[in-house]
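S.K.: Pasting in a structure now, in structure tokens, and then I'll have a few things to ask.
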There are 2 protein chains.
Amino acid sequence: MPRPTIPDRANTILRHARELILAKGYDNTTMAEIARRTGISKGAVYLDFPSKEALLDALLARSVRALAAAVRARVEAAAAPVPLSALYRYALEALLADELMLAFYTSDAGVLGSYVRGKGPARYGPRMDWLTGHLAELRDAGLIRADVDVEAAATVLGVFAIGLVHASATVGPLSPDRLRSAIDALADLIATGWETGDPAASGDRARHAHLRLIEALDRQVGSPPETPEETT
Amino acid sequence: MPRPTIPDRANTILRHARELILAKGYDNTTMAEIARRTGISKGAVYLDFPSKEALLDALLARSVRALAAAVRARVEAAAAPVPLSALYRYALEALLADELMLAFYTSDAGVLGSYVRGKGPARYGPRMDWLTGHLAELRDAGLIRADVDVEAAATVLGVFAIGLVHASATVGPLSPDRLRSAIDALADLIATGWETGDPAASGDRARHAHLRLIEALDRQVGSPPETPEETT
């Protein structure tokens with residue numbers, strides 16, 4: 001029984017919620033305000049999003065999907081094999097381009113931290129496994145050195161990603177520049193320490209591995225309502 | 001007005017609390033149980049430790065100081081300059097040797113995570129600054145390459161440390177082996193990517209830098225009551 005107006009309304013709610021969160025922070029944004037800004041009743045907001053958390057969920061899922069799409073496009077467009085360090089830099093660029101994600105990563109409000117805690121191992125455990133598989137595939141493709149312990153390497157990357165989520169709330173706000181330089185520094189370490197730099201590495205196998213990882217992430221965050229132009 | 005019996009009692013309480021936490025986990029350990037096990041009244045426990053958090057604070061401070069002491073001893077005993085990657089490995093060995101810290105880092109209960117959140121930037125902000133200073137000193141001593149951006153490098157290390165605290169609760173329990181292999185893998189990356197491996201590097205300056213960092217950490221966690229043999 002699809003109600004065709006709902007996706008549009010959900011999108012409008014999300015757009016206003018995003019603007020309010022960017023302006024005032026997640027904690028200071030209320031469902032009542034989101035309803036007011038959208039020009040609908042609070043009850044109507046709750047019809048699409050049963051809680052503020054559900055709304056955040058949808059906003060973050062949208063950001064993750066946009067990030068995945070941006071990285072996917074660069075992987076697909078690349079002529080040469082894309083090494084892991086380059087994939088990291090593509091993701092960084094996409095992250096810095098998303099105002100909401102950037103705000104969450106660089107503010108000290110800890111919104112992302114409590115979000116991630118709420119999802120817990122059910123969501124992030126599989127990602128660690130995908131990452132291990134991804135690194136194994138890159139190793140098989142000749143991009144990562146044969147002597148790299150891929151489980152240990154995936155753990156390093158996973159732990160770093162977890163640390164980024166909690167960094168601002170732990171050590172104080174990170175500036176976007178500092179976020180960029182830290183991720184860049186890690187990408188450099190990866191390139192120097194783990195990558196072969198072998199021009200004969202299999203670009204096809206690497207591309208396949210990257211796309212599989214992106215696809216898994218994308219599928220995990222699901223597909224909330226989108227307007228037609230946003231799904232294309 | 002020092003009361004000479006209190007440090008002893010506080011130590012006994014801490015010892016029993018540690019045993020209970022190791023056996024049942026922090027969340028399942030009550031102040032009443034700690035009092036019962038210690039053979040004193042609950043009121044007497046609260047006299048030394050106004051809350052369970054204060055008790056955890058004292059236990060963790062003690063672990064951090066023991067860890068600092070173990071690393072300091074190895075730095076002082078080293079004949080050759082101690083590179084950053086070796087310092088990392090010393091800290092890892094000390095961490096793996098401390099049953100309580102290991103339990104916190106490898107369990108998914110999230111105790112460390114909420115502890116760190118509670119302390120926040122007031123505690124961990126300065127550590128990031130000390131780390132940046134430490135890396136700058138190691139660079140000046142010739143152990144770290146001149147072209148390494150020490151602020152970015154410190155951010156990588158800080159973010160990784162933050163990630164370790166939250167890892168088990170985020171992706172599921174990490175085994176001690178996995179914790180070890182991840183820290184080892186990062187130490188390898190550091191050695192390959194940032195270190196000069198220069199035998200002419202200044203061992204004295206490096207030692208001085210390491211000891212200053214350890215001293216700062218040590219001083220920050222303060223000096224709760226200790227039995228005489230534990231302070232030596």
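The way I read the labels, and the way they are meant: chains A, B, ... in the order of the structure tokens, residue 1 as the first residue of every chain, and ligand 1 as the first ligand shown, with later ones counted on from there.
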As a ChimeraX atom specification, could you give me every residue of chain B near chain A (at most 7 Å apart, counting only C-alpha atoms)?

M.R.: /B:117,120-121,124-125,152-153,155-156,159-160,162-164,166-167,169-172,178,181-182,185-186,189,192-193

S.K.: Pull N, CA and C atoms from the residues just selected and write them as a PDB file, in the first residue's frame.

M.R.:
ATOM      1  N   ARG B 117      34.913   9.076  28.037  1.00  0.00           N
ATOM      2  CA  ARG B 117      33.919  10.119  27.748  1.00  0.00           C
ATOM      3  C   ARG B 117      33.730  11.018  28.958  1.00  0.00           C
ATOM      4  N   GLY B 120      36.860  13.275  29.157  1.00  0.00           N
ATOM      5  CA  GLY B 120      36.768  14.214  28.042  1.00  0.00           C
ATOM      6  C   GLY B 120      38.034  15.000  27.744  1.00  0.00           C
ATOM      7  N   PRO B 121      37.879  16.080  26.960  1.00  0.00           N
ATOM      8  CA  PRO B 121      39.028  16.868  26.500  1.00  0.00           C
ATOM      9  C   PRO B 121      39.891  17.434  27.632  1.00  0.00           C
ATOM     10  N   TYR B 124      42.199  14.505  27.982  1.00  0.00           N
ATOM     11  CA  TYR B 124      42.880  13.944  26.809  1.00  0.00           C
ATOM     12  C   TYR B 124      43.380  14.985  25.816  1.00  0.00           C
ATOM     13  N   GLY B 125      42.829  16.199  25.897  1.00  0.00           N
ATOM     14  CA  GLY B 125      43.347  17.274  25.052  1.00  0.00           C
ATOM     15  C   GLY B 125      44.835  17.503  25.288  1.00  0.00           C
ATOM     16  N   ALA B 152      50.118  16.053  12.528  1.00  0.00           N
ATOM     17  CA  ALA B 152      49.307  15.029  11.857  1.00  0.00           C
ATOM     18  C   ALA B 152      49.644  13.646  12.414  1.00  0.00           C
ATOM     19  N   ALA B 153      50.941  13.402  12.613  1.00  0.00           N
ATOM     20  CA  ALA B 153      51.365  12.100  13.127  1.00  0.00           C
ATOM     21  C   ALA B 153      50.813  11.876  14.535  1.00  0.00           C
ATOM     22  N   THR B 155      48.154  13.181  15.714  1.00  0.00           N
ATOM     23  CA  THR B 155      46.710  12.974  15.590  1.00  0.00           C
ATOM     24  C   THR B 155      46.415  11.525  15.201  1.00  0.00           C
ATOM     25  N   VAL B 156      47.213  10.975  14.285  1.00  0.00           N
ATOM     26  CA  VAL B 156      47.032   9.563  13.906  1.00  0.00           C
ATOM     27  C   VAL B 156      47.161   8.678  15.153  1.00  0.00           C
ATOM     28  N   VAL B 159      44.229   9.349  17.644  1.00  0.00           N
ATOM     29  CA  VAL B 159      42.970   8.782  17.142  1.00  0.00           C
ATOM     30  C   VAL B 159      42.997   7.257  17.276  1.00  0.00           C
ATOM     31  N   PHE B 160      44.127   6.651  16.985  1.00  0.00           N
ATOM     32  CA  PHE B 160      44.246   5.199  17.115  1.00  0.00           C
ATOM     33  C   PHE B 160      44.047   4.784  18.585  1.00  0.00           C
ATOM     34  N   ILE B 162      42.402   6.369  20.866  1.00  0.00           N
ATOM     35  CA  ILE B 162      40.982   6.564  21.188  1.00  0.00           C
ATOM     36  C   ILE B 162      40.177   5.400  20.623  1.00  0.00           C
ATOM     37  N   GLY B 163      40.502   5.000  19.416  1.00  0.00           N
ATOM     38  CA  GLY B 163      39.806   3.879  18.782  1.00  0.00           C
ATOM     39  C   GLY B 163      39.970   2.589  19.576  1.00  0.00           C
ATOM     40  N   LEU B 164      41.143   2.353  20.112  1.00  0.00           N
ATOM     41  CA  LEU B 164      41.386   1.123  20.889  1.00  0.00           C
ATOM     42  C   LEU B 164      40.462   1.042  22.103  1.00  0.00           C
ATOM     43  N   HIS B 166      37.518   2.192  22.379  1.00  0.00           N
ATOM     44  CA  HIS B 166      36.123   1.948  21.993  1.00  0.00           C
ATOM     45  C   HIS B 166      35.957   0.718  21.104  1.00  0.00           C
ATOM     46  N   ALA B 167      37.067   0.071  20.746  1.00  0.00           N
ATOM     47  CA  ALA B 167      36.995  -0.955  19.707  1.00  0.00           C
ATOM     48  C   ALA B 167      36.093  -2.132  20.070  1.00  0.00           C
ATOM     49  N   ALA B 169      33.668  -2.498  22.186  1.00  0.00           N
ATOM     50  CA  ALA B 169      32.241  -2.187  22.265  1.00  0.00           C
ATOM     51  C   ALA B 169      31.654  -1.885  20.888  1.00  0.00           C
ATOM     52  N   THR B 170      32.510  -1.555  19.925  1.00  0.00           N
ATOM     53  CA  THR B 170      32.016  -1.166  18.602  1.00  0.00           C
ATOM     54  C   THR B 170      31.965  -2.348  17.634  1.00  0.00           C
ATOM     55  N   VAL B 171      33.024  -3.143  17.612  1.00  0.00           N
ATOM     56  CA  VAL B 171      33.057  -4.252  16.640  1.00  0.00           C
ATOM     57  C   VAL B 171      32.949  -5.622  17.304  1.00  0.00           C
ATOM     58  N   GLY B 172      32.798  -5.642  18.633  1.00  0.00           N
ATOM     59  CA  GLY B 172      32.773  -6.906  19.361  1.00  0.00           C
ATOM     60  C   GLY B 172      34.132  -7.125  20.014  1.00  0.00           C
ATOM     61  N   ARG B 178      44.636 -10.274  18.867  1.00  0.00           N
ATOM     62  CA  ARG B 178      44.271  -9.306  17.833  1.00  0.00           C
ATOM     63  C   ARG B 178      44.691  -7.893  18.241  1.00  0.00           C
ATOM     64  N   SER B 181      48.388  -7.803  17.659  1.00  0.00           N
ATOM     65  CA  SER B 181      48.808  -7.748  16.256  1.00  0.00           C
ATOM     66  C   SER B 181      48.473  -6.392  15.627  1.00  0.00           C
ATOM     67  N   ALA B 182      47.378  -5.779  16.085  1.00  0.00           N
ATOM     68  CA  ALA B 182      47.034  -4.458  15.540  1.00  0.00           C
ATOM     69  C   ALA B 182      48.050  -3.408  15.994  1.00  0.00           C
ATOM     70  N   ALA B 185      51.195  -3.976  14.193  1.00  0.00           N
ATOM     71  CA  ALA B 185      51.116  -3.540  12.793  1.00  0.00           C
ATOM     72  C   ALA B 185      51.283  -2.028  12.703  1.00  0.00           C
ATOM     73  N   LEU B 186      50.693  -1.290  13.656  1.00  0.00           N
ATOM     74  CA  LEU B 186      50.868   0.158  13.636  1.00  0.00           C
ATOM     75  C   LEU B 186      52.325   0.528  13.937  1.00  0.00           C
ATOM     76  N   LEU B 189      54.206   0.172  10.846  1.00  0.00           N
ATOM     77  CA  LEU B 189      53.930   1.292   9.928  1.00  0.00           C
ATOM     78  C   LEU B 189      54.738   2.520  10.335  1.00  0.00           C
ATOM     79  N   THR B 192      58.434   2.054   9.471  1.00  0.00           N
ATOM     80  CA  THR B 192      58.695   2.158   8.039  1.00  0.00           C
ATOM     81  C   THR B 192      58.433   3.558   7.504  1.00  0.00           C
ATOM     82  N   GLY B 193      57.373   4.172   7.998  1.00  0.00           N
ATOM     83  CA  GLY B 193      56.933   5.430   7.402  1.00  0.00           C
ATOM     84  C   GLY B 193      57.525   6.685   8.002  1.00  0.00           C
TER      85      GLY B 193
END

S.K.: Which of region 42-191 of chain A counts as alpha helix (DSSP H) under DSSP, as a PyMOL selection string please?

M.R.: chain A and resi 42-48+52-77+84-97+99-106+111-140+150-171+176-191

S.K.: CA of Pro176 (chain B) and CA of Val221 (chain B) are how many Å apart?

M.R.: 25.0 Å

S.K.: Fewer than 6 positions away in the same chain doesn't count, so skip those; otherwise give me all residues within 12 Å of Tyr46 (chain B), counting only C-alpha atoms, as a VMD selection string.

M.R.: chain B and resid 9 to 10 13 30 to 32 34 to 35 40 52 to 55

S.K.: Could those selected residues go to a file with N, CA, C and O atoms, as a PDB file, in the first residue's frame?

M.R.:
ATOM      1  N   ARG B   9      43.962   0.737  53.993  1.00  0.00           N
ATOM      2  CA  ARG B   9      42.597   0.283  53.750  1.00  0.00           C
ATOM      3  C   ARG B   9      42.219   0.521  52.290  1.00  0.00           C
ATOM      4  O   ARG B   9      41.622  -0.336  51.646  1.00  0.00           O
ATOM      5  N   ALA B  10      42.590   1.695  51.783  1.00  0.00           N
ATOM      6  CA  ALA B  10      42.264   1.999  50.386  1.00  0.00           C
ATOM      7  C   ALA B  10      42.901   0.963  49.461  1.00  0.00           C
ATOM      8  O   ALA B  10      42.278   0.496  48.498  1.00  0.00           O
ATOM      9  N   ILE B  13      40.909  -2.262  49.675  1.00  0.00           N
ATOM     10  CA  ILE B  13      39.657  -2.104  48.916  1.00  0.00           C
ATOM     11  C   ILE B  13      39.947  -2.234  47.420  1.00  0.00           C
ATOM     12  O   ILE B  13      39.262  -2.965  46.696  1.00  0.00           O
ATOM     13  N   THR B  30      29.268  -4.456  42.630  1.00  0.00           N
ATOM     14  CA  THR B  30      28.651  -3.384  43.434  1.00  0.00           C
ATOM     15  C   THR B  30      29.574  -2.968  44.577  1.00  0.00           C
ATOM     16  O   THR B  30      30.438  -3.731  45.005  1.00  0.00           O
ATOM     17  N   MET B  31      29.354  -1.757  45.065  1.00  0.00           N
ATOM     18  CA  MET B  31      30.129  -1.255  46.196  1.00  0.00           C
ATOM     19  C   MET B  31      29.866  -2.144  47.417  1.00  0.00           C
ATOM     20  O   MET B  31      30.770  -2.394  48.226  1.00  0.00           O
ATOM     21  N   ALA B  32      28.619  -2.640  47.555  1.00  0.00           N
ATOM     22  CA  ALA B  32      28.279  -3.503  48.695  1.00  0.00           C
ATOM     23  C   ALA B  32      29.125  -4.778  48.671  1.00  0.00           C
ATOM     24  O   ALA B  32      29.638  -5.222  49.700  1.00  0.00           O
ATOM     25  N   ILE B  34      32.028  -5.164  47.174  1.00  0.00           N
ATOM     26  CA  ILE B  34      33.433  -4.805  47.425  1.00  0.00           C
ATOM     27  C   ILE B  34      33.653  -4.682  48.937  1.00  0.00           C
ATOM     28  O   ILE B  34      34.641  -5.177  49.485  1.00  0.00           O
ATOM     29  N   ALA B  35      32.676  -4.039  49.626  1.00  0.00           N
ATOM     30  CA  ALA B  35      32.776  -3.884  51.080  1.00  0.00           C
ATOM     31  C   ALA B  35      32.783  -5.260  51.752  1.00  0.00           C
ATOM     32  O   ALA B  35      33.629  -5.548  52.605  1.00  0.00           O
ATOM     33  N   ILE B  40      34.715  -4.880  55.384  1.00  0.00           N
ATOM     34  CA  ILE B  40      34.400  -3.620  56.051  1.00  0.00           C
ATOM     35  C   ILE B  40      32.984  -3.195  55.656  1.00  0.00           C
ATOM     36  O   ILE B  40      32.364  -3.832  54.785  1.00  0.00           O
ATOM     37  N   LYS B  52      31.587   4.497  42.856  1.00  0.00           N
ATOM     38  CA  LYS B  52      32.221   3.397  42.133  1.00  0.00           C
ATOM     39  C   LYS B  52      33.158   3.975  41.061  1.00  0.00           C
ATOM     40  O   LYS B  52      34.206   3.414  40.771  1.00  0.00           O
ATOM     41  N   GLU B  53      32.763   5.106  40.500  1.00  0.00           N
ATOM     42  CA  GLU B  53      33.600   5.761  39.495  1.00  0.00           C
ATOM     43  C   GLU B  53      34.933   6.192  40.095  1.00  0.00           C
ATOM     44  O   GLU B  53      35.973   6.108  39.447  1.00  0.00           O
ATOM     45  N   ALA B  54      34.882   6.676  41.348  1.00  0.00           N
ATOM     46  CA  ALA B  54      36.119   7.112  42.010  1.00  0.00           C
ATOM     47  C   ALA B  54      37.047   5.916  42.206  1.00  0.00           C
ATOM     48  O   ALA B  54      38.270   6.026  42.096  1.00  0.00           O
ATOM     49  N   LEU B  55      36.439   4.783  42.462  1.00  0.00           N
ATOM     50  CA  LEU B  55      37.212   3.556  42.632  1.00  0.00           C
ATOM     51  C   LEU B  55      37.856   3.137  41.303  1.00  0.00           C
ATOM     52  O   LEU B  55      39.037   2.779  41.244  1.00  0.00           O
TER      53      LEU B  55
END

S.K.: Check the smallest atom-to-atom distance from each of B:Ala187, B:Leu60, B:Gly25, B:Val111 to Arg89 (chain B) using only C-alpha atoms, then report the winner.

M.R.: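 Smallest separation from Arg89 (chain B) among the options: B:Ala187.
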
S.K.: Could you name the residues that touch Arg15 (chain B) at 12 Å or less, counting only C-alpha atoms, but leaving out those on the same chain fewer than 4 positions away, as a VMD selection string?

M.R.: chain B and resid 8 to 11 19 to 22 34 to 35 37 to 38 55 to 56 58 to 59 62 100 226 to 227

S.K.: Only N, CA and C atoms, please: the residues just picked out, written as a CSV table (one decimal), in the first residue's frame.

M.R.:
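Written output follows (selection.csv):
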chain,number,residue,atom,x,y,z
B,8,ASP,N,46.4,2.1,53.6
B,8,ASP,CA,46.3,0.6,53.7
B,8,ASP,C,44.9,0.1,53.4
B,9,ARG,N,44.0,0.7,54.0
B,9,ARG,CA,42.6,0.3,53.8
B,9,ARG,C,42.2,0.5,52.3
B,10,ALA,N,42.6,1.7,51.8
B,10,ALA,CA,42.3,2.0,50.4
B,10,ALA,C,42.9,1.0,49.5
B,11,ASN,N,44.1,0.6,49.8
B,11,ASN,CA,44.8,-0.4,49.0
B,11,ASN,C,44.1,-1.8,49.0
B,19,GLU,N,39.9,-7.6,41.9
B,19,GLU,CA,39.5,-9.1,41.8
B,19,GLU,C,38.1,-9.3,41.4
B,20,LEU,N,37.2,-8.5,42.0
B,20,LEU,CA,35.8,-8.7,41.7
B,20,LEU,C,35.5,-8.2,40.2
B,21,ILE,N,36.1,-7.1,39.8
B,21,ILE,CA,35.9,-6.6,38.5
B,21,ILE,C,36.4,-7.6,37.5
B,22,LEU,N,37.6,-8.2,37.7
B,22,LEU,CA,38.1,-9.2,36.8
B,22,LEU,C,37.2,-10.4,36.7
B,34,ILE,N,32.0,-5.2,47.2
B,34,ILE,CA,33.4,-4.8,47.4
B,34,ILE,C,33.7,-4.7,48.9
B,35,ALA,N,32.7,-4.0,49.6
B,35,ALA,CA,32.8,-3.9,51.1
B,35,ALA,C,32.8,-5.3,51.8
B,37,ARG,N,33.6,-8.2,50.5
B,37,ARG,CA,34.8,-8.9,50.2
B,37,ARG,C,36.0,-8.4,51.1
B,38,THR,N,36.0,-7.0,51.2
B,38,THR,CA,37.1,-6.4,52.0
B,38,THR,C,36.9,-6.6,53.5
B,55,LEU,N,36.4,4.8,42.5
B,55,LEU,CA,37.2,3.6,42.6
B,55,LEU,C,37.9,3.1,41.3
B,56,LEU,N,37.1,3.2,40.3
B,56,LEU,CA,37.6,2.9,38.9
B,56,LEU,C,38.7,3.9,38.6
B,58,ALA,N,40.8,5.3,40.6
B,58,ALA,CA,42.0,5.0,41.3
B,58,ALA,C,42.6,3.7,40.7
B,59,LEU,N,41.8,2.8,40.3
B,59,LEU,CA,42.3,1.5,39.7
B,59,LEU,C,43.0,1.8,38.4
B,62,ARG,N,46.2,3.7,38.9
B,62,ARG,CA,47.3,2.8,39.3
B,62,ARG,C,47.8,2.0,38.1
B,100,LEU,N,43.9,-6.2,34.3
B,100,LEU,CA,42.7,-5.3,34.4
B,100,LEU,C,42.6,-4.5,33.1
B,226,GLU,N,49.1,4.4,48.0
B,226,GLU,CA,49.8,3.2,47.6
B,226,GLU,C,50.4,2.6,48.9
B,227,THR,N,50.6,1.3,48.9
B,227,THR,CA,51.3,0.7,50.0
B,227,THR,C,52.8,1.0,49.7

S.K.: Just how far from CA of Ala73 (chain B) is CA of Leu14 (chain B), in Å to one decimal?

M.R.: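 One can read the CA of Leu14 (chain B) to CA of Ala73 (chain B) distance as 24.6 Å.
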